[in-house]
file data.csv (CSV, C-alpha atoms)
chain,number,residue,atom,x,y,z
A,93,MET,CA,-16.6,-3.5,-28.4
A,94,LEU,CA,-14.3,-5.8,-26.4
A,95,LYS,CA,-14.8,-8.5,-29.0
A,96,THR,CA,-13.7,-6.2,-31.8
A,97,ILE,CA,-10.6,-5.1,-29.9
A,98,THR,CA,-9.7,-8.7,-29.2
A,99,VAL,CA,-10.1,-9.6,-32.9
A,100,ILE,CA,-7.9,-6.6,-33.9
A,101,ALA,CA,-5.3,-7.6,-31.4
A,102,VAL,CA,-5.2,-11.2,-32.5
A,103,VAL,CA,-5.0,-10.2,-36.2
A,104,LEU,CA,-2.2,-7.8,-35.4
A,105,ALA,CA,-0.3,-10.4,-33.3
A,106,VAL,CA,-0.6,-13.0,-36.1
A,107,GLY,CA,0.6,-10.4,-38.7
A,108,ILE,CA,3.6,-9.4,-36.6
A,109,ALA,CA,4.4,-13.1,-36.0
A,110,GLY,CA,4.1,-13.8,-39.7
A,111,VAL,CA,6.6,-11.0,-40.5
A,112,LEU,CA,9.0,-12.2,-37.9
A,113,VAL,CA,8.8,-15.8,-39.2
A,114,PHE,CA,9.2,-14.7,-42.8
A,115,ALA,CA,12.2,-12.6,-41.8
A,116,LEU,CA,13.8,-15.8,-40.5
A,117,THR,CA,13.7,-17.3,-44.0
A,118,LYS,CA,16.0,-14.4,-45.3
A,119,PRO,CA,19.7,-15.3,-45.9
A,120,ASP,CA,22.2,-14.7,-43.2
A,121,THR,CA,24.4,-12.6,-45.5
A,122,PHE,CA,23.8,-10.1,-48.3
A,123,ARG,CA,25.6,-8.9,-51.4
A,124,VAL,CA,24.9,-5.9,-53.6
A,125,GLU,CA,27.0,-5.6,-56.8
A,126,ARG,CA,27.0,-3.4,-59.9
A,127,SER,CA,29.4,-3.1,-62.8
A,128,LEU,CA,30.0,-0.6,-65.6
A,129,ALA,CA,32.4,-0.5,-68.5
A,130,VAL,CA,34.5,2.6,-68.5
A,131,LYS,CA,36.5,3.7,-71.6
A,132,ALA,CA,39.7,4.2,-69.7
A,133,PRO,CA,42.6,2.1,-68.5
A,134,ALA,CA,42.3,0.7,-64.9
A,135,ALA,CA,45.4,2.7,-64.0
A,136,ALA,CA,43.4,5.9,-64.6
A,137,ILE,CA,40.3,4.9,-62.6
A,138,TYR,CA,42.0,3.1,-59.7
A,139,PRO,CA,43.5,6.3,-58.0
A,140,LEU,CA,40.0,7.9,-57.8
A,141,VAL,CA,38.8,5.0,-55.7
A,142,SER,CA,42.0,4.2,-53.7
A,143,ASP,CA,42.3,7.8,-52.4
A,144,PHE,CA,39.3,8.7,-50.2
A,145,HIS,CA,40.0,12.4,-50.9
A,146,PHE,CA,38.7,11.9,-54.5
A,147,TRP,CA,35.4,10.3,-53.4
A,148,THR,CA,33.8,13.7,-53.2
A,149,GLY,CA,34.0,13.9,-57.0
A,150,TRP,CA,32.1,10.7,-57.7
A,151,SER,CA,30.5,9.0,-54.7
A,152,PRO,CA,26.7,9.4,-54.5
A,153,TYR,CA,26.8,9.6,-50.7
A,154,GLU,CA,29.2,12.7,-50.6
A,155,ASN,CA,26.7,15.4,-51.5
A,156,ARG,CA,23.6,14.2,-49.5
A,157,ASP,CA,24.6,16.3,-46.5
A,158,PRO,CA,26.5,19.5,-47.3
A,159,ALA,CA,27.5,19.9,-43.7
A,160,MET,CA,28.8,16.4,-43.3
A,161,LYS,CA,32.1,16.2,-41.4
A,162,ARG,CA,34.9,14.2,-42.9
A,163,SER,CA,38.2,13.0,-41.5
A,164,TYR,CA,41.1,11.2,-43.2
A,165,GLY,CA,43.8,9.2,-41.6
A,166,GLY,CA,46.4,6.4,-42.1
A,167,THR,CA,48.2,6.5,-45.4
A,168,ALA,CA,47.3,9.0,-48.1
A,169,ALA,CA,45.9,6.3,-50.4
A,170,GLY,CA,45.8,2.5,-50.7
A,171,LYS,CA,46.2,0.0,-47.9
A,172,GLY,CA,45.9,1.6,-44.5
A,173,ALA,CA,44.0,4.8,-45.7
A,174,THR,CA,41.0,5.6,-43.5
A,175,TYR,CA,38.0,7.8,-43.9
A,176,ALA,CA,35.3,8.7,-41.3
A,177,TRP,CA,32.1,10.7,-41.8
A,178,ASP,CA,29.5,12.2,-39.5
A,179,GLY,CA,26.4,13.7,-41.0
A,180,ASP,CA,22.6,14.0,-40.8
A,181,ASN,CA,20.1,11.1,-41.2
A,182,ASN,CA,20.7,11.0,-44.9
A,183,VAL,CA,24.3,9.8,-44.5
A,184,GLY,CA,24.6,8.8,-40.8
A,185,ALA,CA,28.1,8.2,-39.4
A,186,GLY,CA,30.8,5.6,-39.9
A,187,HIS,CA,34.3,4.9,-41.1
A,188,MET,CA,36.2,2.9,-43.7
A,189,GLU,CA,39.7,1.5,-44.0
A,190,ILE,CA,41.3,0.1,-47.1
A,191,LEU,CA,42.5,-3.4,-46.1
A,192,GLU,CA,43.7,-4.6,-49.5
A,193,ALA,CA,45.0,-2.6,-52.4
A,194,SER,CA,46.2,-4.5,-55.5
A,195,THR,CA,47.1,-1.7,-57.9
A,196,PRO,CA,45.3,-1.3,-60.3
A,197,SER,CA,43.0,-4.3,-60.1
A,198,LYS,CA,41.3,-4.6,-56.7
A,199,LEU,CA,40.5,-2.7,-53.5
A,200,ARG,CA,38.9,-4.2,-50.4
A,201,ILE,CA,37.5,-1.9,-47.8
A,202,LYS,CA,36.3,-2.5,-44.2
A,203,LEU,CA,33.1,-0.5,-44.0
A,204,ASP,CA,31.6,0.2,-40.5
A,205,PHE,CA,28.3,2.1,-40.1
A,206,GLU,CA,27.6,3.6,-36.6
A,207,ARG,CA,24.3,5.2,-37.3
A,208,PRO,CA,21.4,5.3,-38.2
A,209,PHE,CA,22.0,1.5,-38.0
A,210,GLU,CA,25.1,-0.3,-36.9
A,211,GLY,CA,26.6,-2.5,-39.6
A,212,HIS,CA,29.9,-4.1,-40.4
A,213,ASN,CA,30.4,-4.9,-44.1
A,214,THR,CA,33.0,-5.1,-46.8
A,215,ALA,CA,33.1,-3.0,-49.9
A,216,GLU,CA,35.1,-4.2,-52.9
A,217,PHE,CA,36.1,-2.6,-56.1
A,218,THR,CA,37.5,-4.6,-59.0
A,219,PHE,CA,39.0,-3.2,-62.2
A,220,VAL,CA,39.1,-5.7,-65.1
A,221,PRO,CA,40.6,-4.6,-68.5
A,222,GLN,CA,38.5,-5.5,-71.5
A,223,GLY,CA,40.1,-4.1,-74.6
A,224,GLU,CA,39.7,-0.3,-74.6
A,225,THR,CA,37.5,-0.4,-71.6
A,226,THR,CA,37.8,-1.4,-67.9
A,227,LEU,CA,34.9,-3.2,-66.2
A,228,VAL,CA,34.6,-1.5,-62.9
A,229,THR,CA,32.6,-3.5,-60.2
A,230,TRP,CA,31.5,-2.0,-56.9
A,231,ALA,CA,30.2,-4.6,-54.4
A,232,MET,CA,29.2,-4.5,-50.8
A,233,TYR,CA,28.6,-7.7,-48.7
A,234,GLY,CA,28.4,-8.8,-45.1
A,235,PRO,CA,26.2,-10.4,-42.5
A,236,ALA,CA,22.5,-9.9,-42.3
A,237,PRO,CA,21.5,-9.7,-38.6
A,238,PHE,CA,17.9,-10.3,-37.6
A,239,LEU,CA,16.9,-6.6,-37.7
A,240,SER,CA,18.3,-6.4,-41.3
A,241,LYS,CA,16.3,-9.5,-42.2
A,242,VAL,CA,13.1,-7.8,-40.8
A,243,MET,CA,13.9,-4.7,-42.9
A,244,GLN,CA,14.3,-6.9,-46.0
A,245,VAL,CA,10.7,-8.1,-45.6
A,246,PHE,CA,9.7,-4.5,-46.5
A,247,ILE,CA,12.7,-3.0,-48.4
A,248,ASN,CA,14.7,-4.5,-51.3
A,249,MET,CA,18.3,-3.8,-50.2
A,250,ASP,CA,19.7,-4.7,-53.7
A,251,SER,CA,17.5,-2.1,-55.4
A,252,MET,CA,18.0,0.5,-52.7
A,253,ILE,CA,21.8,0.3,-52.5
A,254,GLY,CA,22.2,-0.8,-56.1
A,255,LYS,CA,20.8,2.4,-57.5
A,256,ASP,CA,23.4,4.3,-55.5
A,257,PHE,CA,26.2,2.1,-56.8
A,258,GLU,CA,24.9,2.7,-60.4
A,259,ALA,CA,24.9,6.5,-59.8
A,260,GLY,CA,28.4,6.3,-58.3
A,261,LEU,CA,29.8,4.2,-61.2
A,262,ALA,CA,28.2,6.6,-63.7
A,263,SER,CA,29.9,9.6,-62.0
A,264,LEU,CA,33.2,7.7,-61.9
A,265,LYS,CA,32.8,7.0,-65.6
A,266,LYS,CA,32.0,10.6,-66.4
A,267,LEU,CA,34.9,11.8,-64.4
A,268,THR,CA,37.4,9.4,-65.9
A,269,GLU,CA,36.3,9.7,-69.5
A,270,LYS,CA,36.6,13.5,-69.6
call {"tool": "encode", "arguments": {"input": "data.csv", "output": "structure tokens"}}
result
Amino acid sequence: MLKTITVIAVVLAVGIAGVLVFALTKPDTFRVERSLAVKAPAAAIYPLVSDFHFWTGWSPYENRDPAMKRSYGGTAAGKGATYAWDGDNNVGAGHMEILEASTPSKLRIKLDFERPFEGHNTAEFTFVPQGETTLVTWAMYGPAPFLSKVMQVFINMDSMIGKDFEAGLASLKKLTEK
């Protein structure tokens, strides 16, 4: 019996050590990015992203917790606009601030998550005219601390966050092309 417990403990310890060592091979930063062509000028799409009040109409995160508390501050839109949320475990809590607003081509947002995990990232939206359409790109990037690297051993962050970006861009397209 003791021999069996010892073997199980050793196998478990080797497995945990293997996961931790494998996590060390993951990159120190991450980037998730999705793009979608929208049949509208950049000037029609940009305001829906540069004003956090409009995010309830297209962001995939806005409807996951109907009781989520939201607060807005700073400027009404563009550089200096802020948004904070506090919700259940589906959305957590955090805040955003628009750091760069180049109308109507680019927005750079400081994105800080407080829970369920702390994270300090950058979100970026670019709007590139392409004939009758605008290529809208939503990206998020930032550091990958060790805990994030361990999670990446089991979860594909690009797939997980990417599907949300795809849904958000599709909603933004639908809203803009009405």
call {"tool": "atom_distance", "arguments": {"input": "data.csv", "atom1": "atom CA of Ala215 of chain A", "atom2": "atom CA of Ile201 of chain A"}}
result
5.0 Å
call {"tool": "residues_near_point", "arguments": {"input": "data.csv", "point": "(37.5, -3.0, -67.1)", "cutoff": "10 Å", "atoms": "only C-alpha atoms", "output": "count of residues only"}}
result
22
call {"tool": "residues_around", "arguments": {"input": "data.csv", "residues": "Tyr153 of chain A", "least_positions_apart": "5", "cutoff": "10 Å", "atoms": "all atoms listed in the file", "output": "compact mmCIF listing (two decimals) with C-alpha atoms, keeping the file's coordinate frame"}}
result
# COMPACT_ATOMS: atom_id res chain seq x y z
CA TRP A 147 35.40 10.30 -53.40
CA THR A 148 33.80 13.70 -53.20
CA ASN A 182 20.70 11.00 -44.90
CA VAL A 183 24.30 9.80 -44.50
CA ASP A 256 23.40 4.30 -55.50
CA PHE A 257 26.20 2.10 -56.80
CA ALA A 259 24.90 6.50 -59.80
CA GLY A 260 28.40 6.30 -58.30
call {"tool": "closest_residue", "arguments": {"input": "data.csv", "among": "A:Met93, A:Ala135, A:Ala176, A:Leu239", "to": "Glu154 of chain A", "atoms": "all atoms listed in the file"}}
result
A:Ala176
call {"tool": "residues_around", "arguments": {"input": "data.csv", "residues": "Asp250 of chain A", "least_positions_apart": "6", "cutoff": "12 Å", "atoms": "all atoms listed in the file", "output": "list in words"}}
result
Phe122, Arg123, Val124, Glu125, Arg126, Ala231, Met232, Tyr233, Gln244, Asp256, Phe257 and Glu258 of chain A
call {"tool": "residues_near_point", "arguments": {"input": "data.csv", "point": "(30.4, 13.1, -42.2)", "cutoff": "12 Å", "atoms": "only C-alpha atoms", "output": "MDAnalysis selection string"}}
result
chainID A and resid 148 153:164 175:188 205:207
call {"tool": "atom_distance", "arguments": {"input": "data.csv", "atom1": "atom CA of Leu199 of chain A", "atom2": "atom CA of Phe217 of chain A"}}
result
5.1 Å
call {"tool": "atom_distance", "arguments": {"input": "data.csv", "atom1": "atom CA of Lys202 of chain A", "atom2": "atom CA of Lys266 of chain A"}}
result
26.1 Å
call {"tool": "closest_residue", "arguments": {"input": "data.csv", "among": "A:Ala262, A:Leu104, A:Leu267, A:Leu94", "to": "Ala136 of chain A", "atoms": "only C-alpha atoms"}}
result
A:Leu267
